[in-house]
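Source file: start-v7.cif (mmCIF, N, CA and C atoms)
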```
data_my_file
#
loop_
_atom_site.label_atom_id
_atom_site.label_comp_id
_atom_site.auth_asym_id
_atom_site.auth_seq_id
_atom_site.Cartn_x
_atom_site.Cartn_y
_atom_site.Cartn_z
N MET A 1291 -42.01 -33.07 32.51
CA MET A 1291 -41.48 -32.42 33.66
C MET A 1291 -40.58 -31.27 33.20
N PRO A 1292 -40.66 -30.09 33.85
CA PRO A 1292 -39.84 -28.98 33.40
C PRO A 1292 -38.38 -29.22 33.72
N ASP A 1293 -37.58 -28.62 32.90
CA ASP A 1293 -36.13 -28.75 33.05
C ASP A 1293 -35.69 -27.87 34.22
N THR A 1294 -34.82 -28.36 35.09
CA THR A 1294 -34.39 -27.60 36.26
C THR A 1294 -33.50 -26.44 35.89
N ASP A 1295 -32.90 -26.45 34.72
CA ASP A 1295 -32.07 -25.33 34.30
C ASP A 1295 -32.91 -24.11 33.92
N ASP A 1296 -34.16 -24.33 33.46
CA ASP A 1296 -35.01 -23.23 33.03
C ASP A 1296 -35.67 -22.51 34.21
N VAL A 1297 -35.76 -23.14 35.36
CA VAL A 1297 -36.44 -22.54 36.51
C VAL A 1297 -35.44 -21.66 37.26
N ALA A 1298 -35.84 -20.41 37.46
CA ALA A 1298 -34.96 -19.47 38.18
C ALA A 1298 -35.06 -19.74 39.67
N GLN A 1299 -33.94 -19.89 40.28
CA GLN A 1299 -33.93 -20.13 41.71
C GLN A 1299 -33.34 -18.90 42.40
N ALA A 1300 -33.91 -18.59 43.56
CA ALA A 1300 -33.42 -17.46 44.33
C ALA A 1300 -32.08 -17.82 44.95
N PRO A 1301 -31.15 -16.86 45.00
CA PRO A 1301 -29.86 -17.19 45.61
C PRO A 1301 -30.03 -17.44 47.11
N GLN A 1302 -29.22 -18.31 47.59
CA GLN A 1302 -29.29 -18.63 49.01
C GLN A 1302 -28.60 -17.53 49.81
N SER A 1303 -29.22 -17.22 50.95
CA SER A 1303 -28.62 -16.19 51.79
C SER A 1303 -27.53 -16.81 52.67
N VAL A 1304 -26.47 -16.07 52.84
CA VAL A 1304 -25.34 -16.53 53.63
C VAL A 1304 -25.21 -15.61 54.84
N LEU A 1305 -25.06 -16.15 56.00
CA LEU A 1305 -24.91 -15.39 57.22
C LEU A 1305 -23.43 -15.12 57.43
N LEU A 1306 -23.05 -13.84 57.39
CA LEU A 1306 -21.64 -13.49 57.51
C LEU A 1306 -21.15 -13.53 58.96
N ASN A 1307 -21.93 -13.02 59.86
CA ASN A 1307 -21.57 -13.03 61.28
C ASN A 1307 -22.57 -13.87 62.04
N PRO A 1308 -22.34 -15.14 62.13
CA PRO A 1308 -23.30 -15.98 62.85
C PRO A 1308 -23.31 -15.59 64.33
N GLN A 1309 -24.49 -15.52 64.90
CA GLN A 1309 -24.63 -15.15 66.29
C GLN A 1309 -24.90 -16.41 67.12
N THR A 1310 -24.41 -16.37 68.31
CA THR A 1310 -24.65 -17.49 69.21
C THR A 1310 -26.01 -17.29 69.85
N GLU A 1311 -26.49 -18.30 70.52
CA GLU A 1311 -27.80 -18.24 71.15
C GLU A 1311 -27.84 -17.17 72.24
N VAL A 1312 -26.72 -16.91 72.90
CA VAL A 1312 -26.68 -15.92 73.97
C VAL A 1312 -26.84 -14.51 73.40
N ASP A 1313 -26.25 -14.26 72.20
CA ASP A 1313 -26.28 -12.93 71.59
C ASP A 1313 -27.59 -12.64 70.86
N LEU A 1314 -28.42 -13.64 70.63
CA LEU A 1314 -29.65 -13.41 69.88
C LEU A 1314 -30.63 -12.59 70.68
N GLY A 1315 -31.20 -11.63 70.04
CA GLY A 1315 -32.20 -10.77 70.66
C GLY A 1315 -33.01 -10.16 69.56
N SER A 1316 -33.96 -9.34 69.91
CA SER A 1316 -34.75 -8.71 68.86
C SER A 1316 -33.87 -7.70 68.12
N GLN A 1317 -34.23 -7.43 66.89
CA GLN A 1317 -33.42 -6.50 66.08
C GLN A 1317 -33.51 -5.09 66.63
N GLU A 1318 -34.61 -4.72 67.24
CA GLU A 1318 -34.74 -3.37 67.80
C GLU A 1318 -33.73 -3.15 68.91
N GLU A 1319 -33.52 -4.14 69.76
CA GLU A 1319 -32.55 -4.01 70.83
C GLU A 1319 -31.13 -3.88 70.26
N GLN A 1320 -30.84 -4.62 69.22
CA GLN A 1320 -29.52 -4.54 68.61
C GLN A 1320 -29.29 -3.18 67.97
N GLN A 1321 -30.32 -2.63 67.33
CA GLN A 1321 -30.16 -1.32 66.71
C GLN A 1321 -30.00 -0.24 67.77
N GLU A 1322 -30.69 -0.36 68.89
CA GLU A 1322 -30.53 0.61 69.96
C GLU A 1322 -29.12 0.56 70.53
N GLN A 1323 -28.57 -0.64 70.64
CA GLN A 1323 -27.21 -0.77 71.15
C GLN A 1323 -26.22 -0.13 70.19
N ILE A 1324 -26.43 -0.33 68.92
CA ILE A 1324 -25.52 0.25 67.92
C ILE A 1324 -25.63 1.77 67.96
N THR A 1325 -26.86 2.30 68.06
CA THR A 1325 -27.06 3.74 68.11
C THR A 1325 -26.43 4.34 69.36
N ASP A 1326 -26.55 3.66 70.49
CA ASP A 1326 -25.98 4.16 71.73
C ASP A 1326 -24.46 4.19 71.68
N GLN A 1327 -23.85 3.34 70.89
CA GLN A 1327 -22.40 3.26 70.84
C GLN A 1327 -21.78 4.32 69.94
N GLN A 1328 -22.57 4.94 69.06
CA GLN A 1328 -22.03 5.95 68.16
C GLN A 1328 -21.83 7.25 68.91
N ASN A 1329 -20.69 7.86 68.70
CA ASN A 1329 -20.42 9.17 69.30
C ASN A 1329 -20.64 10.24 68.26
N ILE A 1330 -21.53 11.16 68.57
CA ILE A 1330 -21.82 12.26 67.66
C ILE A 1330 -21.28 13.53 68.29
N VAL A 1331 -20.42 14.23 67.57
CA VAL A 1331 -19.82 15.45 68.07
C VAL A 1331 -20.29 16.61 67.18
N PHE A 1332 -20.94 17.59 67.79
CA PHE A 1332 -21.38 18.76 67.06
C PHE A 1332 -20.31 19.84 67.20
N ILE A 1333 -19.88 20.38 66.08
CA ILE A 1333 -18.87 21.43 66.07
C ILE A 1333 -19.56 22.72 65.66
N ARG A 1334 -19.53 23.70 66.54
CA ARG A 1334 -20.14 24.98 66.24
C ARG A 1334 -19.19 25.82 65.40
N ALA A 1335 -19.76 26.47 64.40
CA ALA A 1335 -18.95 27.36 63.57
C ALA A 1335 -18.58 28.58 64.40
N PRO A 1336 -17.42 29.15 64.16
CA PRO A 1336 -17.02 30.33 64.93
C PRO A 1336 -17.97 31.50 64.64
N LYS A 1337 -18.18 32.32 65.67
CA LYS A 1337 -19.03 33.49 65.49
C LYS A 1337 -18.34 34.47 64.56
N PHE A 1338 -19.13 35.03 63.65
CA PHE A 1338 -18.57 35.94 62.65
C PHE A 1338 -18.34 37.31 63.25
N LYS A 1339 -17.14 37.82 63.08
CA LYS A 1339 -16.78 39.17 63.51
C LYS A 1339 -16.02 39.85 62.38
N HIS A 1340 -16.28 41.13 62.22
CA HIS A 1340 -15.60 41.89 61.18
C HIS A 1340 -15.44 43.33 61.67
N PRO A 1341 -14.30 43.97 61.39
CA PRO A 1341 -14.07 45.33 61.90
C PRO A 1341 -15.02 46.38 61.33
N SER A 1342 -15.67 46.10 60.23
CA SER A 1342 -16.59 47.09 59.66
C SER A 1342 -17.79 47.33 60.57
N ARG A 1343 -18.14 46.37 61.41
CA ARG A 1343 -19.23 46.56 62.35
C ARG A 1343 -18.85 47.59 63.41
N LEU A 1344 -17.60 47.59 63.82
CA LEU A 1344 -17.11 48.58 64.78
C LEU A 1344 -17.11 49.98 64.16
N VAL A 1345 -16.68 50.06 62.91
CA VAL A 1345 -16.69 51.35 62.19
C VAL A 1345 -18.12 51.87 62.08
N SER A 1346 -19.04 50.99 61.80
CA SER A 1346 -20.44 51.38 61.67
C SER A 1346 -20.99 51.92 62.99
N SER A 1347 -20.71 51.23 64.08
CA SER A 1347 -21.18 51.68 65.39
C SER A 1347 -20.58 53.03 65.77
N PHE A 1348 -19.31 53.19 65.49
CA PHE A 1348 -18.64 54.45 65.77
C PHE A 1348 -19.23 55.58 64.93
N ALA A 1349 -19.50 55.32 63.65
CA ALA A 1349 -20.04 56.34 62.76
C ALA A 1349 -21.45 56.76 63.19
N VAL A 1350 -22.27 55.82 63.61
CA VAL A 1350 -23.62 56.16 64.06
C VAL A 1350 -23.55 57.04 65.31
N THR A 1351 -22.65 56.70 66.21
CA THR A 1351 -22.49 57.51 67.43
C THR A 1351 -22.05 58.93 67.09
N ILE A 1352 -21.07 59.05 66.23
CA ILE A 1352 -20.58 60.38 65.82
C ILE A 1352 -21.68 61.16 65.10
N ALA A 1353 -22.47 60.47 64.25
CA ALA A 1353 -23.55 61.14 63.52
C ALA A 1353 -24.59 61.70 64.48
N LEU A 1354 -24.95 60.93 65.49
CA LEU A 1354 -25.94 61.41 66.45
C LEU A 1354 -25.41 62.59 67.27
N ILE A 1355 -24.16 62.49 67.69
CA ILE A 1355 -23.57 63.59 68.47
C ILE A 1355 -23.48 64.86 67.62
N THR A 1356 -23.05 64.71 66.37
CA THR A 1356 -22.94 65.86 65.46
C THR A 1356 -24.31 66.48 65.21
N PHE A 1357 -25.30 65.63 64.95
CA PHE A 1357 -26.64 66.16 64.69
C PHE A 1357 -27.18 66.90 65.91
N LEU A 1358 -27.02 66.32 67.08
CA LEU A 1358 -27.52 66.98 68.29
C LEU A 1358 -26.81 68.31 68.54
N PHE A 1359 -25.50 68.36 68.29
CA PHE A 1359 -24.75 69.59 68.48
C PHE A 1359 -25.24 70.69 67.54
N PHE A 1360 -25.32 70.37 66.23
CA PHE A 1360 -25.76 71.37 65.26
C PHE A 1360 -27.23 71.72 65.45
N PHE A 1361 -28.05 70.74 65.80
CA PHE A 1361 -29.48 71.01 66.00
C PHE A 1361 -29.68 71.93 67.20
N ALA A 1362 -28.93 71.67 68.28
CA ALA A 1362 -29.04 72.55 69.46
C ALA A 1362 -28.57 73.96 69.13
N SER A 1363 -27.49 74.06 68.35
CA SER A 1363 -26.99 75.39 67.97
C SER A 1363 -27.99 76.11 67.07
N ALA A 1364 -28.59 75.37 66.13
CA ALA A 1364 -29.56 75.97 65.21
C ALA A 1364 -30.81 76.39 65.96
N PHE A 1365 -31.23 75.61 66.93
CA PHE A 1365 -32.42 75.95 67.70
C PHE A 1365 -32.18 77.17 68.59
N ALA A 1366 -30.97 77.22 69.17
CA ALA A 1366 -30.65 78.36 70.04
C ALA A 1366 -30.54 79.66 69.25
N ASN A 1367 -29.98 79.61 68.06
CA ASN A 1367 -29.76 80.81 67.25
C ASN A 1367 -30.86 81.06 66.22
N SER A 1368 -31.81 80.15 66.09
CA SER A 1368 -32.84 80.22 65.05
C SER A 1368 -32.22 80.36 63.67
N ASP A 1369 -31.20 79.56 63.43
CA ASP A 1369 -30.44 79.64 62.18
C ASP A 1369 -30.75 78.39 61.34
N LEU A 1370 -31.35 78.64 60.16
CA LEU A 1370 -31.69 77.52 59.28
C LEU A 1370 -30.46 76.93 58.60
N ILE A 1371 -29.42 77.70 58.42
CA ILE A 1371 -28.20 77.18 57.80
C ILE A 1371 -27.55 76.14 58.71
N LEU A 1372 -27.56 76.40 60.01
CA LEU A 1372 -27.03 75.41 60.95
C LEU A 1372 -27.89 74.14 60.97
N LEU A 1373 -29.19 74.29 60.83
CA LEU A 1373 -30.07 73.12 60.78
C LEU A 1373 -29.81 72.29 59.53
N GLU A 1374 -29.60 72.98 58.40
CA GLU A 1374 -29.28 72.27 57.16
C GLU A 1374 -27.92 71.58 57.29
N THR A 1375 -26.97 72.24 57.93
CA THR A 1375 -25.66 71.63 58.16
C THR A 1375 -25.80 70.40 59.06
N ALA A 1376 -26.67 70.46 60.04
CA ALA A 1376 -26.89 69.32 60.93
C ALA A 1376 -27.43 68.13 60.16
N ILE A 1377 -28.39 68.38 59.30
CA ILE A 1377 -28.99 67.29 58.53
C ILE A 1377 -27.99 66.70 57.55
N LYS A 1378 -27.28 67.57 56.82
CA LYS A 1378 -26.35 67.07 55.81
C LYS A 1378 -25.15 66.35 56.44
N SER A 1379 -24.64 66.86 57.55
CA SER A 1379 -23.50 66.18 58.18
C SER A 1379 -23.94 64.84 58.76
N CYS A 1380 -25.12 64.81 59.31
CA CYS A 1380 -25.64 63.54 59.84
C CYS A 1380 -25.84 62.53 58.70
N CYS A 1381 -26.36 62.98 57.58
CA CYS A 1381 -26.56 62.08 56.43
C CYS A 1381 -25.23 61.56 55.90
N MET A 1382 -24.25 62.45 55.82
CA MET A 1382 -22.95 62.02 55.31
C MET A 1382 -22.32 60.96 56.22
N ILE A 1383 -22.37 61.18 57.51
CA ILE A 1383 -21.75 60.22 58.43
C ILE A 1383 -22.57 58.93 58.49
N LEU A 1384 -23.90 59.04 58.41
CA LEU A 1384 -24.71 57.82 58.38
C LEU A 1384 -24.48 57.02 57.10
N ASN A 1385 -24.19 57.70 56.00
CA ASN A 1385 -23.87 56.98 54.77
C ASN A 1385 -22.58 56.16 54.94
N ILE A 1386 -21.63 56.71 55.67
CA ILE A 1386 -20.41 55.94 55.97
C ILE A 1386 -20.77 54.70 56.78
N ALA A 1387 -21.67 54.85 57.74
CA ALA A 1387 -22.12 53.71 58.55
C ALA A 1387 -22.86 52.69 57.69
N PHE A 1388 -23.70 53.16 56.78
CA PHE A 1388 -24.44 52.23 55.92
C PHE A 1388 -23.51 51.45 55.00
N VAL A 1389 -22.51 52.13 54.45
CA VAL A 1389 -21.56 51.45 53.57
C VAL A 1389 -20.75 50.41 54.37
N SER A 1390 -20.37 50.75 55.59
CA SER A 1390 -19.63 49.77 56.38
C SER A 1390 -20.53 48.58 56.77
N GLU A 1391 -21.82 48.81 56.95
CA GLU A 1391 -22.75 47.70 57.19
C GLU A 1391 -22.89 46.83 55.94
N ILE A 1392 -22.89 47.44 54.76
CA ILE A 1392 -22.94 46.66 53.52
C ILE A 1392 -21.70 45.77 53.42
N VAL A 1393 -20.54 46.32 53.77
CA VAL A 1393 -19.30 45.53 53.76
C VAL A 1393 -19.40 44.38 54.76
N PHE A 1394 -19.93 44.67 55.95
CA PHE A 1394 -20.10 43.63 56.97
C PHE A 1394 -20.98 42.50 56.46
N TYR A 1395 -22.14 42.83 55.90
CA TYR A 1395 -23.06 41.80 55.44
C TYR A 1395 -22.55 41.07 54.20
N ALA A 1396 -21.75 41.73 53.38
CA ALA A 1396 -21.14 41.04 52.24
C ALA A 1396 -20.15 39.98 52.73
N GLN A 1397 -19.37 40.33 53.75
CA GLN A 1397 -18.44 39.36 54.33
C GLN A 1397 -19.20 38.25 55.07
N LEU A 1398 -20.30 38.59 55.74
CA LEU A 1398 -21.13 37.59 56.40
C LEU A 1398 -21.75 36.64 55.39
N PHE A 1399 -22.11 37.17 54.22
CA PHE A 1399 -22.64 36.33 53.15
C PHE A 1399 -21.63 35.26 52.75
N GLN A 1400 -20.37 35.67 52.59
CA GLN A 1400 -19.31 34.71 52.25
C GLN A 1400 -19.11 33.70 53.37
N HIS A 1401 -19.14 34.15 54.61
CA HIS A 1401 -18.97 33.27 55.76
C HIS A 1401 -20.10 32.22 55.81
N ASN A 1402 -21.34 32.68 55.63
CA ASN A 1402 -22.48 31.76 55.65
C ASN A 1402 -22.43 30.78 54.49
N LYS A 1403 -21.91 31.24 53.37
CA LYS A 1403 -21.80 30.37 52.20
C LYS A 1403 -20.79 29.25 52.47
N GLU A 1404 -19.71 29.58 53.16
CA GLU A 1404 -18.69 28.58 53.47
C GLU A 1404 -19.18 27.54 54.47
N ILE A 1405 -19.98 27.95 55.44
CA ILE A 1405 -20.47 27.00 56.43
C ILE A 1405 -21.86 26.47 56.08
N ARG A 1406 -22.33 26.80 54.88
CA ARG A 1406 -23.60 26.32 54.34
C ARG A 1406 -24.77 26.67 55.23
N LYS A 1407 -24.85 27.93 55.55
CA LYS A 1407 -25.94 28.47 56.36
C LYS A 1407 -26.80 29.36 55.48
N SER A 1408 -28.04 29.55 55.87
CA SER A 1408 -28.97 30.35 55.08
C SER A 1408 -28.51 31.81 54.98
N ASN A 1409 -28.70 32.40 53.81
CA ASN A 1409 -28.29 33.78 53.57
C ASN A 1409 -29.47 34.71 53.32
N PHE A 1410 -30.69 34.27 53.64
CA PHE A 1410 -31.87 35.09 53.34
C PHE A 1410 -31.81 36.43 54.06
N SER A 1411 -31.59 36.42 55.37
CA SER A 1411 -31.58 37.67 56.12
C SER A 1411 -30.37 38.53 55.75
N THR A 1412 -29.27 37.89 55.38
CA THR A 1412 -28.08 38.63 54.97
C THR A 1412 -28.36 39.41 53.68
N VAL A 1413 -28.97 38.76 52.73
CA VAL A 1413 -29.30 39.42 51.46
C VAL A 1413 -30.32 40.54 51.71
N PHE A 1414 -31.30 40.28 52.57
CA PHE A 1414 -32.29 41.31 52.91
C PHE A 1414 -31.61 42.53 53.51
N ASN A 1415 -30.67 42.33 54.42
CA ASN A 1415 -29.97 43.45 55.05
C ASN A 1415 -29.09 44.21 54.06
N ILE A 1416 -28.47 43.50 53.13
CA ILE A 1416 -27.67 44.18 52.11
C ILE A 1416 -28.56 45.09 51.27
N VAL A 1417 -29.71 44.57 50.84
CA VAL A 1417 -30.65 45.37 50.03
C VAL A 1417 -31.16 46.56 50.83
N LEU A 1418 -31.47 46.35 52.11
CA LEU A 1418 -31.95 47.42 52.97
C LEU A 1418 -30.92 48.54 53.10
N PHE A 1419 -29.66 48.17 53.37
CA PHE A 1419 -28.63 49.20 53.56
C PHE A 1419 -28.25 49.88 52.25
N VAL A 1420 -28.35 49.19 51.13
CA VAL A 1420 -28.14 49.85 49.84
C VAL A 1420 -29.23 50.90 49.61
N ALA A 1421 -30.47 50.54 49.93
CA ALA A 1421 -31.58 51.50 49.77
C ALA A 1421 -31.40 52.70 50.71
N LEU A 1422 -30.99 52.44 51.94
CA LEU A 1422 -30.76 53.54 52.88
C LEU A 1422 -29.61 54.43 52.44
N THR A 1423 -28.57 53.83 51.86
CA THR A 1423 -27.45 54.62 51.35
C THR A 1423 -27.88 55.50 50.19
N ILE A 1424 -28.67 54.96 49.29
CA ILE A 1424 -29.17 55.74 48.16
C ILE A 1424 -30.04 56.89 48.66
N ALA A 1425 -30.90 56.61 49.63
CA ALA A 1425 -31.75 57.67 50.20
C ALA A 1425 -30.90 58.72 50.90
N GLY A 1426 -29.87 58.30 51.60
CA GLY A 1426 -28.99 59.25 52.28
C GLY A 1426 -28.23 60.13 51.31
N VAL A 1427 -27.75 59.54 50.22
CA VAL A 1427 -27.04 60.32 49.21
C VAL A 1427 -27.99 61.31 48.54
N ALA A 1428 -29.22 60.86 48.27
CA ALA A 1428 -30.20 61.76 47.65
C ALA A 1428 -30.53 62.91 48.59
N LEU A 1429 -30.63 62.63 49.87
CA LEU A 1429 -30.91 63.70 50.84
C LEU A 1429 -29.72 64.63 50.99
N PHE A 1430 -28.51 64.06 50.94
CA PHE A 1430 -27.31 64.88 51.08
C PHE A 1430 -27.12 65.80 49.88
N ILE A 1431 -27.33 65.26 48.69
CA ILE A 1431 -27.10 66.03 47.47
C ILE A 1431 -28.29 66.93 47.14
N GLY A 1432 -29.48 66.44 47.43
CA GLY A 1432 -30.69 67.18 47.06
C GLY A 1432 -30.80 68.52 47.72
N ASN A 1433 -31.55 69.39 47.06
CA ASN A 1433 -31.78 70.72 47.62
C ASN A 1433 -32.82 70.60 48.73
N SER A 1434 -32.43 71.01 49.90
CA SER A 1434 -33.38 71.00 51.00
C SER A 1434 -33.75 72.45 51.31
N SER A 1435 -34.99 72.77 51.09
CA SER A 1435 -35.43 74.14 51.36
C SER A 1435 -36.35 74.10 52.57
N PHE A 1436 -36.05 74.92 53.52
CA PHE A 1436 -36.85 74.98 54.75
C PHE A 1436 -37.71 76.21 54.77
#
```
Could you write out this structure as structure tokens?
Amino acid sequence: MPDTDDVAQAPQSVLLNPQTEVDLGSQEEQQEQITDQQNIVFIRAPKFKHPSRLVSSFAVTIALITFLFFFASAFANSDLILLETAIKSCCMILNIAFVSEIVFYAQLFQHNKEIRKSNFSTVFNIVLFVALTIAGVALFIGNSSF
């Protein structure tokens, strides 16, 4: 006969919270009751605002007004120098707007990083505005011959 010490026996299970016959029910009902009792509160992160967005909007407005003014003057006088001035002043002011947008998206990147939100579109916008700024500087500095 085998020795009882050599045979591994499974530990006995102990019931920590014995239930009475009235409280017995299916486990699904008990889990639903537990789930219904939990209070889940969703906290929305504050909306991101930064003053560089206001600067950007203001700069775009000024750039359009300046371009329209110089373009109308150049068209009325048939003056190519005024047309070149319109293009260059518009590019310079738009570059200010692009740089302020880069600042906005850089700050938004930090904000999204803190609240653990995706930064894909933020990085895309930063790259886009850097490319637009480079193109604007090249157009501003470059020789434009009409």
Kindly list the centre and edge lengths in Å, rounded to one decimal, for the axis-aligned box that covers all listed atoms of segment 1385-1399 of chain A plus 6 Å on each of its six sides, as AutoDock Vina command-line options.
```
--center_x -21.4 --center_y 46.5 --center_z 55.4 --size_x 18.0 --size_y 34.4 --size_z 18.3
```
Task: Distance in Å - atom CA of Phe1394 of chain A versus atom CA of Ile1424 of chain A - done: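 Rounded to one decimal, the two atoms are 17.5 Å apart.
Here atom C of Ala1353 of chain A and atom CA of Ala1376 of chain A stand 8.7 Å from one another.
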Skip Leu1422 of chain A itself and residues of its chain fewer than 3 positions away, then list as an mmCIF file with N, CA and C atoms, keeping the file's coordinate frame all residues within 8 Å of it, counting all atoms listed in the file.
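Once everything was written out, this is selection-v2.cif:
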```cif
data_model
loop_
_atom_site.group_PDB
_atom_site.id
_atom_site.type_symbol
_atom_site.label_atom_id
_atom_site.label_comp_id
_atom_site.auth_asym_id
_atom_site.auth_seq_id
_atom_site.Cartn_x
_atom_site.Cartn_y
_atom_site.Cartn_z
ATOM 1 N N LEU A 1384 -23.900 59.040 58.410
ATOM 2 C CA LEU A 1384 -24.710 57.820 58.380
ATOM 3 C C LEU A 1384 -24.480 57.020 57.100
ATOM 4 N N ASN A 1385 -24.190 57.700 56.000
ATOM 5 C CA ASN A 1385 -23.870 56.980 54.770
ATOM 6 C C ASN A 1385 -22.580 56.160 54.940
ATOM 7 N N PHE A 1388 -23.700 53.160 56.780
ATOM 8 C CA PHE A 1388 -24.440 52.230 55.920
ATOM 9 C C PHE A 1388 -23.510 51.450 55.000
ATOM 10 N N VAL A 1389 -22.510 52.130 54.450
ATOM 11 C CA VAL A 1389 -21.560 51.450 53.570
ATOM 12 C C VAL A 1389 -20.750 50.410 54.370
ATOM 13 N N ILE A 1416 -28.470 43.500 53.130
ATOM 14 C CA ILE A 1416 -27.670 44.180 52.110
ATOM 15 C C ILE A 1416 -28.560 45.090 51.270
ATOM 16 N N VAL A 1417 -29.710 44.570 50.840
ATOM 17 C CA VAL A 1417 -30.650 45.370 50.030
ATOM 18 C C VAL A 1417 -31.160 46.560 50.830
ATOM 19 N N LEU A 1418 -31.470 46.350 52.110
ATOM 20 C CA LEU A 1418 -31.950 47.420 52.970
ATOM 21 C C LEU A 1418 -30.920 48.540 53.100
ATOM 22 N N PHE A 1419 -29.660 48.170 53.370
ATOM 23 C CA PHE A 1419 -28.630 49.200 53.560
ATOM 24 C C PHE A 1419 -28.250 49.880 52.250
ATOM 25 N N ALA A 1425 -30.900 56.610 49.630
ATOM 26 C CA ALA A 1425 -31.750 57.670 50.200
ATOM 27 C C ALA A 1425 -30.900 58.720 50.900
ATOM 28 N N GLY A 1426 -29.870 58.300 51.600
ATOM 29 C CA GLY A 1426 -28.990 59.250 52.280
ATOM 30 C C GLY A 1426 -28.230 60.130 51.310
ATOM 31 N N VAL A 1427 -27.750 59.540 50.220
ATOM 32 C CA VAL A 1427 -27.040 60.320 49.210
ATOM 33 C C VAL A 1427 -27.990 61.310 48.540
ATOM 34 N N ALA A 1428 -29.220 60.860 48.270
ATOM 35 C CA ALA A 1428 -30.200 61.760 47.650
ATOM 36 C C ALA A 1428 -30.530 62.910 48.590
#
```
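If all atoms listed in the file are the atoms counted, then among A:Ser1411, A:Ala1421, A:Gln1400, A:Ala1387 the closest residue to Ser1347 of chain A is A:Ala1387.
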- [ ] From a DSSP calculation on the backbone, collect every residue of segment 1314-1415 of chain A in alpha helix (DSSP H) and output the set as a PyMOL selection string.
- [x] chain A and resi 1317-1327+1341-1367+1370-1404+1410-1415
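Nearest residue to Ser1342 of chain A among A:Thr1356, A:Ser1379, A:Asn1409, A:Ser1390 is A:Ser1390, counting all atoms listed in the file.
Here atom CA of Met1382 of chain A stands at a distance of 9.8 Å from atom CA of Ala1349 of chain A.
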Task: Residue nearest Arg1343 of chain A among A:Glu1391, A:Glu1374, A:Ser1363, A:Val1331 (counting only N, CA and C atoms) - done: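 Of all the options, A:Glu1391 lies closest to Arg1343 of chain A.
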N, CA, C and O atoms are needed for segment 1341-1352 of chain A; please write them out as a PDB file, in the coordinates of the input.
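Result file is result18.pdb:
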```pdb
ATOM      1  N   PRO A1341     -14.300  43.970  61.390  1.00  0.00           N
ATOM      2  CA  PRO A1341     -14.070  45.330  61.900  1.00  0.00           C
ATOM      3  C   PRO A1341     -15.020  46.380  61.330  1.00  0.00           C
ATOM      4  O   PRO A1341     -15.167  47.460  61.910  1.00  0.00           O
ATOM      5  N   SER A1342     -15.670  46.100  60.230  1.00  0.00           N
ATOM      6  CA  SER A1342     -16.590  47.090  59.660  1.00  0.00           C
ATOM      7  C   SER A1342     -17.790  47.330  60.570  1.00  0.00           C
ATOM      8  O   SER A1342     -18.387  48.401  60.536  1.00  0.00           O
ATOM      9  N   ARG A1343     -18.140  46.370  61.410  1.00  0.00           N
ATOM     10  CA  ARG A1343     -19.230  46.560  62.350  1.00  0.00           C
ATOM     11  C   ARG A1343     -18.850  47.590  63.410  1.00  0.00           C
ATOM     12  O   ARG A1343     -19.664  48.409  63.830  1.00  0.00           O
ATOM     13  N   LEU A1344     -17.600  47.590  63.820  1.00  0.00           N
ATOM     14  CA  LEU A1344     -17.110  48.580  64.780  1.00  0.00           C
ATOM     15  C   LEU A1344     -17.110  49.980  64.160  1.00  0.00           C
ATOM     16  O   LEU A1344     -17.507  50.956  64.792  1.00  0.00           O
ATOM     17  N   VAL A1345     -16.680  50.060  62.910  1.00  0.00           N
ATOM     18  CA  VAL A1345     -16.690  51.350  62.190  1.00  0.00           C
ATOM     19  C   VAL A1345     -18.120  51.870  62.080  1.00  0.00           C
ATOM     20  O   VAL A1345     -18.368  53.062  62.289  1.00  0.00           O
ATOM     21  N   SER A1346     -19.040  50.990  61.800  1.00  0.00           N
ATOM     22  CA  SER A1346     -20.440  51.380  61.670  1.00  0.00           C
ATOM     23  C   SER A1346     -20.990  51.920  62.990  1.00  0.00           C
ATOM     24  O   SER A1346     -21.652  52.958  63.024  1.00  0.00           O
ATOM     25  N   SER A1347     -20.710  51.230  64.080  1.00  0.00           N
ATOM     26  CA  SER A1347     -21.180  51.680  65.390  1.00  0.00           C
ATOM     27  C   SER A1347     -20.580  53.030  65.770  1.00  0.00           C
ATOM     28  O   SER A1347     -21.282  53.918  66.288  1.00  0.00           O
ATOM     29  N   PHE A1348     -19.310  53.190  65.490  1.00  0.00           N
ATOM     30  CA  PHE A1348     -18.640  54.450  65.770  1.00  0.00           C
ATOM     31  C   PHE A1348     -19.230  55.580  64.930  1.00  0.00           C
ATOM     32  O   PHE A1348     -19.465  56.686  65.432  1.00  0.00           O
ATOM     33  N   ALA A1349     -19.500  55.320  63.650  1.00  0.00           N
ATOM     34  CA  ALA A1349     -20.040  56.340  62.760  1.00  0.00           C
ATOM     35  C   ALA A1349     -21.450  56.760  63.190  1.00  0.00           C
ATOM     36  O   ALA A1349     -21.789  57.957  63.143  1.00  0.00           O
ATOM     37  N   VAL A1350     -22.270  55.820  63.610  1.00  0.00           N
ATOM     38  CA  VAL A1350     -23.620  56.160  64.060  1.00  0.00           C
ATOM     39  C   VAL A1350     -23.550  57.040  65.310  1.00  0.00           C
ATOM     40  O   VAL A1350     -24.290  58.026  65.431  1.00  0.00           O
ATOM     41  N   THR A1351     -22.650  56.700  66.210  1.00  0.00           N
ATOM     42  CA  THR A1351     -22.490  57.510  67.430  1.00  0.00           C
ATOM     43  C   THR A1351     -22.050  58.930  67.090  1.00  0.00           C
ATOM     44  O   THR A1351     -22.613  59.913  67.614  1.00  0.00           O
ATOM     45  N   ILE A1352     -21.070  59.050  66.230  1.00  0.00           N
ATOM     46  CA  ILE A1352     -20.580  60.380  65.820  1.00  0.00           C
ATOM     47  C   ILE A1352     -21.680  61.160  65.100  1.00  0.00           C
ATOM     48  O   ILE A1352     -21.844  62.370  65.297  1.00  0.00           O
TER      49      ILE A1352
END
```
